[in-house]
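Structure file upload-v9.cif; described as mmCIF, C-alpha atoms.
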```
data_upload
loop_
_atom_site.label_atom_id
_atom_site.label_comp_id
_atom_site.auth_asym_id
_atom_site.auth_seq_id
_atom_site.Cartn_x
_atom_site.Cartn_y
_atom_site.Cartn_z
CA MET A 1444 8.02 7.57 -46.73
CA ASN A 1445 7.79 11.34 -46.38
CA LYS A 1446 9.97 13.27 -43.92
CA HIS A 1447 7.13 14.36 -41.60
CA LEU A 1448 5.89 10.81 -41.17
CA GLN A 1449 9.42 9.58 -40.46
CA GLN A 1450 9.76 12.24 -37.78
CA LEU A 1451 6.45 11.24 -36.18
CA ILE A 1452 7.57 7.62 -36.09
CA GLN A 1453 10.84 8.70 -34.47
CA ILE A 1454 9.00 10.81 -31.87
CA SER A 1455 6.59 7.97 -31.17
CA ASN A 1456 9.46 5.50 -30.69
CA LEU A 1457 11.24 7.87 -28.33
CA ASP A 1458 8.07 8.28 -26.28
CA LYS A 1459 7.76 4.50 -26.14
CA ASP A 1460 11.36 4.22 -24.92
CA ILE A 1461 10.72 6.84 -22.20
CA ASP A 1462 7.53 5.14 -21.04
CA SER A 1463 9.08 1.67 -21.16
CA LEU A 1464 11.44 2.73 -18.38
CA GLU A 1465 8.60 3.54 -15.96
CA PRO A 1466 7.78 -0.13 -15.22
CA GLN A 1467 11.46 -0.61 -14.41
CA ILE A 1468 11.18 2.09 -11.74
CA THR A 1469 8.08 0.38 -10.33
CA GLN A 1470 9.87 -2.97 -10.37
CA LYS A 1471 12.91 -1.52 -8.60
CA ARG A 1472 10.65 -0.05 -5.92
CA SER A 1473 8.54 -3.20 -5.48
CA GLU A 1474 10.81 -4.86 -2.90
CA LEU A 1475 11.24 -1.58 -1.02
CA ASP A 1476 7.48 -0.94 -1.06
CA LYS A 1477 6.91 -4.47 0.21
CA ALA A 1478 9.29 -3.84 3.12
CA ILE A 1479 7.57 -0.54 3.90
CA ARG A 1480 4.15 -2.23 3.91
CA SER A 1481 5.54 -4.95 6.18
CA LYS A 1482 6.80 -2.29 8.57
CA GLU A 1483 3.40 -0.57 8.57
CA LEU A 1484 1.71 -3.87 9.45
CA LYS A 1485 4.16 -4.50 12.29
CA GLU A 1486 3.67 -0.97 13.61
CA ALA A 1487 -0.10 -1.50 13.54
CA GLU A 1488 0.40 -4.80 15.38
CA SER A 1489 2.54 -3.03 17.98
CA GLN A 1490 -0.14 -0.37 18.44
CA ASN A 1491 -2.81 -3.03 18.90
CA LEU A 1492 -0.67 -4.81 21.49
CA GLN A 1493 -0.15 -1.53 23.33
CA GLU A 1494 -3.90 -0.91 23.41
CA GLU A 1495 -4.45 -4.48 24.57
CA LYS A 1496 -1.94 -4.03 27.40
CA LYS A 1497 -3.67 -0.82 28.51
CA ASP A 1498 -6.95 -2.73 28.65
CA PHE A 1499 -5.35 -5.53 30.69
CA LYS A 1500 -3.93 -3.01 33.17
CA LEU A 1501 -7.30 -1.29 33.45
CA GLN A 1502 -8.93 -4.64 34.26
CA VAL A 1503 -6.25 -5.33 36.90
CA ALA A 1504 -6.92 -1.92 38.48
CA ARG A 1505 -10.67 -2.64 38.55
CA ASN A 1506 -10.13 -6.03 40.19
CA GLU A 1507 -7.77 -4.52 42.75
CA GLN A 1508 -10.41 -1.92 43.58
CA THR A 1509 -12.92 -4.76 43.92
CA LEU A 1510 -10.55 -6.50 46.38
CA THR A 1511 -10.28 -3.31 48.40
CA ASP A 1512 -14.06 -3.01 48.53
CA MET A 1513 -14.36 -6.68 49.54
CA ALA A 1514 -11.84 -6.23 52.34
CA SER A 1515 -13.92 -3.38 53.69
CA ARG A 1516 -17.09 -5.47 53.44
CA LEU A 1517 -15.42 -8.42 55.23
CA GLU A 1518 -14.27 -6.11 57.98
CA ASN A 1519 -17.84 -4.89 58.46
CA ILE A 1520 -19.13 -8.48 58.50
CA HIS A 1521 -16.58 -9.48 61.17
CA LYS A 1522 -17.65 -6.52 63.22
CA LYS A 1523 -21.31 -7.51 62.89
CA ILE A 1524 -20.50 -11.14 63.78
CA SER A 1525 -18.96 -9.98 67.05
CA GLU A 1526 -22.20 -8.19 67.82
CA VAL A 1527 -24.62 -10.82 66.50
CA ARG A 1528 -27.61 -11.67 68.70
CA SER A 1529 -29.29 -14.53 66.88
CA GLU A 1530 -28.39 -17.78 65.12
CA ARG A 1531 -30.29 -16.71 62.03
CA GLU A 1532 -28.41 -13.45 61.78
CA LEU A 1533 -25.07 -15.27 62.25
CA LYS A 1534 -25.92 -17.75 59.51
CA SER A 1535 -26.81 -14.93 57.15
CA LEU A 1536 -23.53 -13.15 57.86
CA ASN A 1537 -21.55 -16.38 57.35
CA VAL A 1538 -23.21 -16.95 53.96
CA GLU A 1539 -22.40 -13.38 52.93
CA GLU A 1540 -18.81 -13.82 54.15
CA GLU A 1541 -18.34 -17.03 52.12
CA MET A 1542 -19.77 -15.38 49.04
CA ILE A 1543 -17.38 -12.43 49.35
CA LYS A 1544 -14.43 -14.76 49.92
CA GLU A 1545 -15.37 -16.68 46.76
CA GLN A 1546 -15.59 -13.43 44.83
CA ARG A 1547 -12.21 -12.39 46.27
CA GLU A 1548 -10.68 -15.67 45.13
CA ASN A 1549 -12.10 -15.18 41.63
CA ALA A 1550 -10.79 -11.61 41.54
CA ASN A 1551 -7.31 -12.78 42.57
CA LYS A 1552 -7.39 -15.48 39.90
CA GLN A 1553 -8.47 -12.90 37.34
CA ILE A 1554 -5.62 -10.59 38.36
CA GLN A 1555 -3.14 -13.47 38.07
CA LYS A 1556 -4.49 -14.32 34.61
CA LEU A 1557 -4.30 -10.67 33.52
CA GLU A 1558 -0.73 -10.35 34.78
CA GLU A 1559 0.20 -13.43 32.74
CA ASP A 1560 -1.50 -11.84 29.73
CA ILE A 1561 0.45 -8.62 30.31
CA GLU A 1562 3.71 -10.56 30.50
CA ALA A 1563 2.90 -12.43 27.27
CA ASN A 1564 1.88 -9.15 25.66
CA THR A 1565 5.17 -7.54 26.67
CA LYS A 1566 7.16 -10.39 25.13
CA LEU A 1567 5.17 -10.09 21.90
CA GLN A 1568 5.78 -6.35 21.85
CA GLU A 1569 9.51 -6.93 22.24
CA GLU A 1570 9.46 -9.41 19.34
CA VAL A 1571 7.49 -6.98 17.18
CA GLN A 1572 9.91 -4.15 17.97
CA LYS A 1573 12.86 -6.37 17.02
CA ALA A 1574 11.07 -7.23 13.76
CA ILE A 1575 10.47 -3.52 13.08
CA GLN A 1576 14.15 -2.77 13.68
CA THR A 1577 15.16 -5.55 11.28
CA ILE A 1578 12.75 -4.19 8.67
CA ASN A 1579 14.14 -0.68 9.23
CA ASP A 1580 17.64 -1.99 8.49
CA THR A 1581 16.34 -3.69 5.36
CA ILE A 1582 14.56 -0.51 4.24
CA ALA A 1583 17.70 1.57 4.75
CA THR A 1584 19.73 -0.85 2.62
CA LEU A 1585 17.06 -1.03 -0.08
CA GLU A 1586 16.57 2.75 -0.16
CA GLU A 1587 20.24 3.26 -0.91
CA LYS A 1588 20.31 0.60 -3.64
CA VAL A 1589 16.94 1.46 -5.15
CA GLY A 1590 17.77 5.15 -5.08
CA LYS A 1591 20.86 4.58 -7.20
CA ASP A 1592 19.04 2.27 -9.62
CA ILE A 1593 16.12 4.65 -10.06
CA GLN A 1594 18.47 7.59 -10.53
CA ALA A 1595 20.22 5.69 -13.34
CA ILE A 1596 16.86 4.95 -15.00
CA LYS A 1597 15.74 8.58 -14.72
CA GLU A 1598 19.02 9.74 -16.23
CA GLU A 1599 18.38 7.39 -19.16
CA GLN A 1600 14.89 8.83 -19.49
CA GLN A 1601 16.35 12.34 -19.54
CA LYS A 1602 18.77 11.37 -22.32
CA ILE A 1603 15.94 10.04 -24.46
CA PHE A 1604 13.81 13.09 -23.64
CA ALA A 1605 16.67 15.33 -24.75
CA GLN A 1606 16.78 13.45 -28.07
CA LYS A 1607 13.04 13.99 -28.42
CA GLN A 1608 13.32 17.72 -27.71
CA LYS A 1609 16.16 18.03 -30.21
CA LEU A 1610 13.98 16.42 -32.85
CA ILE A 1611 10.89 18.45 -31.95
CA VAL A 1612 12.57 21.82 -32.64
CA THR A 1613 13.21 20.69 -36.25
CA MET A 1614 9.60 19.64 -36.85
CA ASP A 1615 6.47 21.45 -37.91
CA GLN A 1616 4.86 22.58 -34.64
CA LYS A 1617 1.33 22.05 -35.96
CA LEU A 1618 2.29 18.45 -36.67
CA ILE A 1619 3.66 18.09 -33.14
CA GLY A 1620 0.46 19.56 -31.75
CA PHE A 1621 -1.59 17.08 -33.76
CA TYR A 1622 0.56 14.18 -32.57
CA GLU A 1623 0.26 15.23 -28.92
CA LYS A 1624 -3.51 15.51 -29.33
CA VAL A 1625 -3.68 11.91 -30.58
CA ARG A 1626 -1.24 10.76 -27.88
CA LYS A 1627 -3.49 12.09 -25.10
CA TRP A 1628 -5.84 9.17 -25.66
CA ALA A 1629 -3.84 6.70 -27.77
CA LYS A 1630 -0.69 6.86 -25.61
CA ASN A 1631 2.05 4.71 -27.16
CA THR A 1632 -0.20 3.56 -29.99
CA SER A 1633 -0.51 7.04 -31.50
CA VAL A 1634 1.56 6.11 -34.59
CA VAL A 1635 1.00 2.54 -35.74
CA PRO A 1636 1.86 0.42 -38.79
CA VAL A 1637 -0.69 -1.00 -41.16
CA ARG A 1638 -0.61 -4.79 -41.28
CA LYS A 1639 -2.70 -6.90 -43.63
CA GLN A 1640 -4.54 -3.68 -44.57
CA ALA A 1641 -5.67 -3.20 -40.96
CA CYS A 1642 -4.88 -0.46 -38.44
CA GLY A 1643 -2.22 -1.56 -35.97
CA GLY A 1644 -4.10 0.22 -33.19
CA CYS A 1645 -7.77 -0.68 -33.51
CA PHE A 1646 -7.16 -3.66 -35.87
CA ILE A 1647 -10.08 -2.69 -38.11
CA ARG A 1648 -9.64 -3.11 -41.87
CA ILE A 1649 -8.83 0.04 -43.82
CA ASN A 1650 -10.73 0.64 -47.05
CA ASP A 1651 -8.88 0.47 -50.35
CA ARG A 1652 -8.87 4.21 -51.02
CA VAL A 1653 -7.27 5.12 -47.66
CA TYR A 1654 -4.87 2.20 -47.98
CA ALA A 1655 -3.74 3.47 -51.37
CA GLU A 1656 -3.11 6.93 -49.89
CA ILE A 1657 -0.99 5.41 -47.14
CA LEU A 1658 1.02 3.46 -49.69
CA GLN A 1659 1.83 6.69 -51.53
CA SER A 1660 3.33 8.13 -48.26
CA THR A 1661 2.84 11.70 -49.47
CA ASP A 1662 0.79 12.89 -46.51
CA ILE A 1663 -0.09 12.12 -42.90
CA ILE A 1664 -2.98 9.67 -42.97
CA THR A 1665 -5.07 8.70 -39.95
CA CYS A 1666 -7.26 5.68 -39.38
CA THR A 1667 -10.85 6.47 -40.36
CA HIS A 1668 -12.05 4.31 -37.49
CA CYS A 1669 -9.90 5.35 -34.52
CA GLY A 1670 -7.89 8.39 -35.62
CA ARG A 1671 -4.41 6.95 -35.09
CA ILE A 1672 -1.60 8.02 -37.42
CA LEU A 1673 -0.82 5.24 -39.89
CA TYR A 1674 2.25 4.19 -41.85
CA ILE A 1675 3.54 1.28 -43.89
CA GLU A 1676 6.49 -0.55 -42.38
CA GLU A 1677 9.53 -0.42 -44.63
CA THR A 1678 10.93 -3.81 -45.56
CA VAL A 1679 14.68 -4.36 -45.23
#
```

Once more with this new file: its structure as structure tokens, please.
Amino acid sequence: MNKHLQQLIQISNLDKDIDSLEPQITQKRSELDKAIRSKELKEAESQNLQEEKKDFKLQVARNEQTLTDMASRLENIHKKISEVRSERELKSLNVEEEMIKEQRENANKQIQKLEEDIEANTKLQEEVQKAIQTINDTIATLEEKVGKDIQAIKEEQQKIFAQKQKLIVTMDQKLIGFYEKVRKWAKNTSVVPVRKQACGGCFIRINDRVYAEILQSTDIITCTHCGRILYIEETV
């Protein structure tokens, strides 16, 4: 195998090692991200409860205003009753009075129900806030641990990257440019072995002429189908 091809394989393997560490970072963050999402949901729940409580209080205020208006209406009815001149008029006033009293009773019941709802809402809010605090404690603990783990992974990535840079300065820069061009679309399958006379990237069979050129290992050969850089795996 010629020197340039060996170098490309080395570069490709180093890139694979660097990229293989990325999922580890994602995995390390998964539990932390889950806790953060849980906190966001609880905060949204708390906000909804707060809005619900505001609506309950507004309904209480409306019912209390209704009671005030009813009291004024009852006062006027009592005044009219004291001045009534006919049985018919008295009966009409009594019917109106009973209707207002019924409405007043309903309003009081509604206020009582709303106050119970407000109390239940307050308890739920307290529970949600406790849950948020617990999640905050969990997040703080995870952030410290995850931060250290991720830092260790990034340091490992930097070590591998340094090895790659050290190798790159010894290589033909046109060859590096060509490799990076292939890597833009092929990612970690830019340099692949030939197995059973097929490209290890697109898995399409390579014709005999190209296969013979690869076997000679005197030049950089690419797959005629996909453009990946090909090589023959050396047997131990």

Quiz prompt | Counting only C-alpha atoms, the residue of A:Met1444, A:Leu1457, A:Cys1666, A:Ala1514 that sits nearest Gln1608 of chain A | solution = A:Leu1457

Please report, as AutoDock Vina command-line options, the centre and edge lengths in Å to one decimal of an axis-aligned box covering all listed atoms of segment 1576-1589 of chain A with 3 Å per side.
```
--center_x 16.5 --center_y -1.1 --center_z 4.3 --size_x 13.6 --size_y 14.8 --size_z 24.8
```

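For the choices A:Val1625, A:Ile1619, A:Leu1464, A:Leu1501, the atom-to-atom distance to Lys1602 of chain A is smallest for A:Leu1464 when using only C-alpha atoms.
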
Practice problem: Could you please determine the separation between atom CA of Asp1462 of chain A and atom CA of Phe1621 of chain A in Å, to one decimal place? | Solution: 19.7 Å

Self-check item: Pairwise distance for atom CA of Thr1577 of chain A and atom CA of Gln1467 of chain A, rounded to one decimal in Å
Solution: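 Straight-line distance from atom CA of Thr1577 of chain A to atom CA of Gln1467 of chain A works out to 26.4 Å.
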
Kindly resolve the PyMOL selection byres ((chain A and resi 1489-1500) around 7) on the present coordinates and return the residues as a PDB file with C-alpha atoms, in the coordinates of the input.
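What ended up in part06.pdb:
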```
ATOM      1  CA  LYS A1485       4.160  -4.500  12.290  1.00  0.00           C
ATOM      2  CA  GLU A1486       3.670  -0.970  13.610  1.00  0.00           C
ATOM      3  CA  ALA A1487      -0.100  -1.500  13.540  1.00  0.00           C
ATOM      4  CA  GLU A1488       0.400  -4.800  15.380  1.00  0.00           C
ATOM      5  CA  LEU A1501      -7.300  -1.290  33.450  1.00  0.00           C
ATOM      6  CA  GLN A1502      -8.930  -4.640  34.260  1.00  0.00           C
ATOM      7  CA  VAL A1503      -6.250  -5.330  36.900  1.00  0.00           C
ATOM      8  CA  ALA A1504      -6.920  -1.920  38.480  1.00  0.00           C
ATOM      9  CA  LEU A1557      -4.300 -10.670  33.520  1.00  0.00           C
ATOM     10  CA  ILE A1561       0.450  -8.620  30.310  1.00  0.00           C
ATOM     11  CA  ASN A1564       1.880  -9.150  25.660  1.00  0.00           C
ATOM     12  CA  GLN A1568       5.780  -6.350  21.850  1.00  0.00           C
ATOM     13  CA  VAL A1571       7.490  -6.980  17.180  1.00  0.00           C
TER      14      VAL A1571
END
```
